[in-house]
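The data block below is start31.txt; it holds compact mmCIF, C-alpha atoms.
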# COMPACT_ATOMS: atom_id res chain seq x y z
CA MET A 1 -8.42 9.06 -13.34
CA THR A 2 -7.07 6.26 -15.45
CA ALA A 3 -5.55 2.90 -14.57
CA ARG A 4 -2.75 3.25 -17.07
CA THR A 5 0.82 3.08 -15.97
CA THR A 6 2.93 6.11 -16.74
CA ALA A 7 6.72 6.03 -17.01
CA ARG A 8 7.75 3.77 -14.14
CA SER A 9 10.79 1.73 -13.44
CA ALA A 10 10.62 -1.99 -14.22
CA THR A 11 10.96 -2.62 -10.49
CA ALA A 12 7.91 -0.62 -9.39
CA VAL A 13 4.36 -0.73 -10.72
CA ASN A 14 0.99 0.69 -9.78
CA TRP A 15 -1.86 -1.28 -8.21
CA ALA A 16 -3.55 -1.96 -11.57
CA VAL A 17 -0.49 -3.78 -12.89
CA PHE A 18 -0.34 -5.94 -9.75
CA ALA A 19 -4.10 -6.63 -9.85
CA GLU A 20 -3.90 -7.63 -13.51
CA ALA A 21 -0.95 -9.94 -12.89
CA GLU A 22 -2.35 -11.53 -9.71
CA PRO A 23 -6.11 -10.79 -9.48
CA GLU A 24 -6.94 -13.28 -6.71
CA PHE A 25 -4.03 -12.16 -4.53
CA ALA A 26 -4.92 -8.49 -5.15
CA ARG A 27 -8.54 -9.13 -4.08
CA VAL A 28 -7.37 -10.75 -0.83
CA VAL A 29 -5.09 -7.78 -0.09
CA GLU A 30 -7.78 -5.20 -0.90
CA ASP A 31 -10.29 -7.06 1.27
CA ARG A 32 -7.79 -7.15 4.13
CA PHE A 33 -7.21 -3.39 3.90
CA GLY A 34 -10.96 -2.85 3.48
CA ALA A 35 -11.76 -4.64 6.74
CA PHE A 36 -10.58 -1.63 8.79
CA THR A 37 -10.20 2.08 8.21
CA HIS A 38 -6.81 2.76 9.82
CA HIS A 39 -3.54 1.07 8.93
CA VAL A 40 0.16 1.53 9.73
CA LEU A 41 2.56 3.34 7.42
CA ALA A 42 6.31 3.02 7.95
CA THR A 43 8.54 5.76 6.56
CA LEU A 44 12.17 6.74 7.09
CA ARG A 45 13.15 9.68 9.28
CA ARG A 46 15.94 12.05 8.31
CA ASP A 47 18.43 9.99 10.35
CA GLY A 48 17.32 6.76 8.62
CA SER A 49 15.44 5.33 11.58
CA PRO A 50 11.87 4.08 11.01
CA ARG A 51 8.74 6.06 11.80
CA THR A 52 5.31 4.44 11.99
CA SER A 53 2.10 6.43 11.60
CA GLY A 54 -1.59 5.73 11.32
CA LEU A 55 -3.07 6.18 7.86
CA GLU A 56 -6.20 5.66 5.77
CA VAL A 57 -5.76 4.24 2.26
CA ARG A 58 -7.93 4.06 -0.85
CA PHE A 59 -7.94 1.80 -3.88
CA LEU A 60 -9.32 3.88 -6.76
CA ASP A 61 -8.96 3.67 -10.51
CA GLY A 62 -6.06 1.24 -10.50
CA GLU A 63 -4.05 3.07 -7.86
CA LEU A 64 -3.38 2.61 -4.15
CA TRP A 65 -3.62 6.13 -2.69
CA LEU A 66 -2.22 7.55 0.55
CA GLY A 67 -3.86 10.76 1.77
CA MET A 68 -2.26 12.80 4.56
CA MET A 69 -2.79 15.91 6.63
CA PRO A 70 -0.75 18.98 5.67
CA GLY A 71 2.67 19.26 7.24
CA SER A 72 2.57 15.81 8.85
CA LEU A 73 5.90 14.17 9.58
CA LYS A 74 5.09 11.27 7.25
CA VAL A 75 4.69 13.77 4.38
CA LEU A 76 8.11 15.25 5.16
CA ASP A 77 9.60 11.74 5.37
CA LEU A 78 8.15 10.69 2.00
CA ARG A 79 9.25 13.88 0.29
CA ARG A 80 12.79 13.25 1.52
CA ASP A 81 12.80 9.48 0.85
CA PRO A 82 9.78 7.99 -0.95
CA ARG A 83 10.26 4.43 0.32
CA PHE A 84 7.44 3.10 2.50
CA SER A 85 5.92 -0.03 3.94
CA LEU A 86 2.20 -0.21 4.61
CA GLN A 87 0.68 -2.84 6.88
CA ALA A 88 -3.03 -3.60 7.09
CA ASN A 89 -4.64 -3.23 10.49
CA PRO A 90 -4.63 -6.71 12.05
CA GLY A 91 -7.89 -6.10 13.91
CA GLU A 92 -8.81 -7.30 17.35
CA GLY A 93 -7.53 -10.50 18.91
CA THR A 94 -5.43 -13.02 17.08
CA GLY A 95 -7.82 -14.05 14.28
CA MET A 96 -6.32 -11.84 11.54
CA GLY A 97 -8.98 -12.92 9.06
CA GLY A 98 -7.34 -12.93 5.64
CA GLY A 99 -3.85 -12.92 7.13
CA ASP A 100 -1.27 -10.25 7.70
CA VAL A 101 -0.75 -8.17 4.56
CA ARG A 102 1.72 -5.48 3.73
CA VAL A 103 2.70 -3.49 0.69
CA GLY A 104 6.08 -1.91 0.06
CA GLY A 105 7.25 0.56 -2.51
CA ARG A 106 7.67 4.23 -3.25
CA ALA A 107 5.19 7.05 -2.75
CA VAL A 108 4.88 9.72 -5.44
CA GLU A 109 3.21 12.98 -4.46
CA VAL A 110 0.35 14.13 -6.69
CA GLU A 111 -0.11 17.89 -6.35
CA ASP A 112 -2.50 18.69 -9.18
CA GLY A 113 -4.08 17.38 -12.33
CA GLU A 114 -6.81 15.00 -13.30
CA ALA A 115 -5.78 12.23 -10.88
CA ARG A 116 -5.94 14.52 -7.86
CA ALA A 117 -9.27 16.00 -9.00
CA GLY A 118 -10.70 12.50 -9.40
CA TYR A 119 -9.53 11.53 -5.91
CA VAL A 120 -11.07 14.67 -4.40
CA GLU A 121 -14.37 14.03 -6.19
CA GLU A 122 -14.52 10.42 -5.03
CA VAL A 123 -13.18 10.69 -1.46
CA GLU A 124 -14.01 14.30 -0.49
CA PRO A 125 -11.04 14.59 1.88
CA PRO A 126 -10.71 17.48 4.31
CA GLN A 127 -8.85 20.35 2.69
CA PRO A 128 -5.97 20.97 2.46
CA PHE A 129 -4.27 17.58 2.21
CA HIS A 130 -1.34 15.78 0.60
CA LEU A 131 -1.91 12.94 -1.82
CA PHE A 132 0.51 10.21 -2.82
CA ARG A 133 0.07 7.39 -5.31
CA THR A 134 2.09 4.25 -4.77
CA GLU A 135 4.58 2.41 -6.92
CA LEU A 136 4.76 -1.14 -5.61
CA THR A 137 7.96 -3.09 -5.16
CA GLU A 138 6.50 -5.88 -3.03
CA VAL A 139 3.20 -7.30 -1.76
CA VAL A 140 3.28 -9.88 1.05
CA ARG A 141 0.61 -11.94 2.79
CA THR A 142 1.37 -14.17 5.77
CA TYR A 143 -1.22 -16.52 7.24
CA VAL A 144 -1.65 -19.84 9.03
CA GLU A 145 -3.02 -22.76 7.01
CA ASP A 146 -4.75 -25.76 8.61
CA ASP A 147 -3.38 -24.76 12.03
CA THR A 148 -0.13 -26.34 10.82
CA TYR A 149 1.70 -24.20 8.29
CA LEU A 150 2.89 -20.64 8.32
CA VAL A 151 2.40 -19.53 4.73
CA ALA A 152 3.99 -16.47 3.14
CA GLN A 153 2.97 -15.28 -0.31
CA VAL A 154 5.39 -12.80 -1.86
CA TRP A 155 4.89 -10.89 -5.11
CA LYS A 156 7.37 -8.56 -6.80
CA PRO A 157 6.99 -6.77 -10.14
CA GLY A 158 7.80 -9.00 -13.09
CA GLU A 159 7.55 -12.18 -10.98
CA THR A 160 4.79 -14.60 -10.12
CA VAL A 161 3.69 -15.08 -6.52
CA ARG A 162 6.14 -17.16 -4.51
CA THR A 163 4.51 -19.25 -1.79
CA LEU A 164 6.63 -20.40 1.13
CA LYS A 165 5.34 -22.85 3.76
CA ARG A 166 6.87 -23.95 7.00
CA THR A 167 5.73 -25.81 10.08
Let me see the structure of the file written as structure tokens.
Amino acid sequence: MTARTTARSATAVNWAVFAEAEPEFARVVEDRFGAFTHHVLATLRRDGSPRTSGLEVRFLDGELWLGMMPGSLKVLDLRRDPRFSLQANPGEGTGMGGGDVRVGGRAVEVEDGEARAGYVEEVEPPQPFHLFRTELTEVVRTYVEDDTYLVAQVWKPGETVRTLKRT
């Protein structure tokens, strides 16, 4: 698998582009997702209402990957409307070490080819499965600073991280 970006819209990029633009922020987000195995994926149902589902994610070769069981409702949702929001597991209690992080964008199904083969070799998922790579439209981290400020960091493709603080 390669980290290169294939033909993508200017408003959506892969993980490698985000990590190159904002390496420190990307590390914090990856660490937050790496702290737990299961996270929450939000998709859109046929009627437009939200659906949340548990999900494991992987950061490999410049991509953020979403693997899913065959025929799952989240697969059907993403095939119909690729928009998603992914929130890292907050963990136990209220500590939320590293803050609350979420990633939004579009999921693109990968059905064959070198990228899928590389994922299978690295992850060894149960077969059969569905694989989606992500095209990011937003990365957000919210945390408390000095027990005083609520801080939100927001990144969008083509922009630098915006940091908002409030008491």
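Straight-line separation from atom CA of Val151 of chain A to atom CA of Ala21 of chain A: 20.3 Å.
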- Item | Two-atom distance - atom CA of Gly113 of chain A, atom CA of Asn14 of chain A (Å) |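 It comes out at 17.6 Å.
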- Restricting to only C-alpha atoms, whichever of A:Val123, A:Arg45, A:Phe59, A:Val110 is closest to Ala26 of chain A is A:Phe59
- Message: Please determine, counting all atoms listed in the file, which residue among A:Met68, A:Val57, A:Val28, A:Leu86 has the shortest atom-to-atom distance to Arg141 of chain A.
- Response: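 Ranked by minimum distance to Arg141 of chain A, first place goes to A:Val28.
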- Query: A:Thr52, A:Phe25, A:Thr37, A:Pro128: which is nearest Thr142 of chain A, counting all atoms listed in the file?
  - Reply: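 The shortest atom-to-atom distance to Thr142 of chain A comes from A:Phe25.
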- Using all atoms listed in the file, determine which residues lie at most 12 Å from Arg116 of chain A, disregarding the query and same-chain residues fewer than 4 positions distant; provide the list as a VMD selection string. chain A and resid 1 to 2 60 to 61 63 65 to 67 109 to 112 120 to 125 129 to 133
Residues as selected, C-alpha atoms, written as a short mmCIF file (atom, residue, chain, number, x, y, z; two decimals), in the frame of the given file, can you do that?
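Listed below is the output, part-v8.cif:
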data_model
loop_
_atom_site.label_atom_id
_atom_site.label_comp_id
_atom_site.auth_asym_id
_atom_site.auth_seq_id
_atom_site.Cartn_x
_atom_site.Cartn_y
_atom_site.Cartn_z
CA MET A 1 -8.42 9.06 -13.34
CA THR A 2 -7.07 6.26 -15.45
CA LEU A 60 -9.32 3.88 -6.76
CA ASP A 61 -8.96 3.67 -10.51
CA GLU A 63 -4.05 3.07 -7.86
CA TRP A 65 -3.62 6.13 -2.69
CA LEU A 66 -2.22 7.55 0.55
CA GLY A 67 -3.86 10.76 1.77
CA GLU A 109 3.21 12.98 -4.46
CA VAL A 110 0.35 14.13 -6.69
CA GLU A 111 -0.11 17.89 -6.35
CA ASP A 112 -2.50 18.69 -9.18
CA VAL A 120 -11.07 14.67 -4.40
CA GLU A 121 -14.37 14.03 -6.19
CA GLU A 122 -14.52 10.42 -5.03
CA VAL A 123 -13.18 10.69 -1.46
CA GLU A 124 -14.01 14.30 -0.49
CA PRO A 125 -11.04 14.59 1.88
CA PHE A 129 -4.27 17.58 2.21
CA HIS A 130 -1.34 15.78 0.60
CA LEU A 131 -1.91 12.94 -1.82
CA PHE A 132 0.51 10.21 -2.82
CA ARG A 133 0.07 7.39 -5.31
#
- Item | Cut-off 12 Å around (5.9, 4.4, 0.9) with all atoms listed in the file: residues as a PyMOL selection string | chain A and resi 12+40-44+50-53+55+57+64-67+74-87+102-109+131-138
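Note that the spacing between atom CA of Val29 of chain A and atom CA of Val140 of chain A amounts to 8.7 Å.
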Which residues, written as a PDB file with C-alpha atoms, in the frame of the given file, have at least one atom at most 9 Å from Ala152 of chain A, with all atoms listed in the file counted and residues fewer than 4 positions away on the same chain left out?
ATOM      1  CA  VAL A 140       3.280  -9.880   1.050  1.00  0.00           C
ATOM      2  CA  ARG A 141       0.610 -11.940   2.790  1.00  0.00           C
ATOM      3  CA  THR A 142       1.370 -14.170   5.770  1.00  0.00           C
ATOM      4  CA  TYR A 143      -1.220 -16.520   7.240  1.00  0.00           C
ATOM      5  CA  VAL A 144      -1.650 -19.840   9.030  1.00  0.00           C
ATOM      6  CA  ARG A 162       6.140 -17.160  -4.510  1.00  0.00           C
ATOM      7  CA  THR A 163       4.510 -19.250  -1.790  1.00  0.00           C
ATOM      8  CA  LEU A 164       6.630 -20.400   1.130  1.00  0.00           C
ATOM      9  CA  LYS A 165       5.340 -22.850   3.760  1.00  0.00           C
ATOM     10  CA  ARG A 166       6.870 -23.950   7.000  1.00  0.00           C
TER      11      ARG A 166
END
- Query: Which residue gives the smallest distance to Leu73 of chain A among A:Gly99, A:Gly54, A:Glu92, A:Gly158, with all atoms listed in the file counted?
  - Reply: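 That would be A:Gly54, the residue with the smallest distance to Leu73 of chain A.
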- Message: Just want the 9 Å neighbourhood of Val161 of chain A, counted on only C-alpha atoms, with same-chain residues fewer than 3 positions away dropped. Output as a ChimeraX atom specification.
- Response: /A:22,25,153-156
For the selection just defined, write its residues with C-alpha atoms to a file, as a PDB file, keeping the file's coordinate frame.
ATOM      1  CA  GLU A  22      -2.350 -11.530  -9.710  1.00  0.00           C
ATOM      2  CA  PHE A  25      -4.030 -12.160  -4.530  1.00  0.00           C
ATOM      3  CA  GLN A 153       2.970 -15.280  -0.310  1.00  0.00           C
ATOM      4  CA  VAL A 154       5.390 -12.800  -1.860  1.00  0.00           C
ATOM      5  CA  TRP A 155       4.890 -10.890  -5.110  1.00  0.00           C
ATOM      6  CA  LYS A 156       7.370  -8.560  -6.800  1.00  0.00           C
TER       7      LYS A 156
END
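In this comparison, which uses all atoms listed in the file, the residue of A:Thr167, A:Ser49, A:Arg32, A:Gly62 approaching Ala16 of chain A most closely is A:Gly62.
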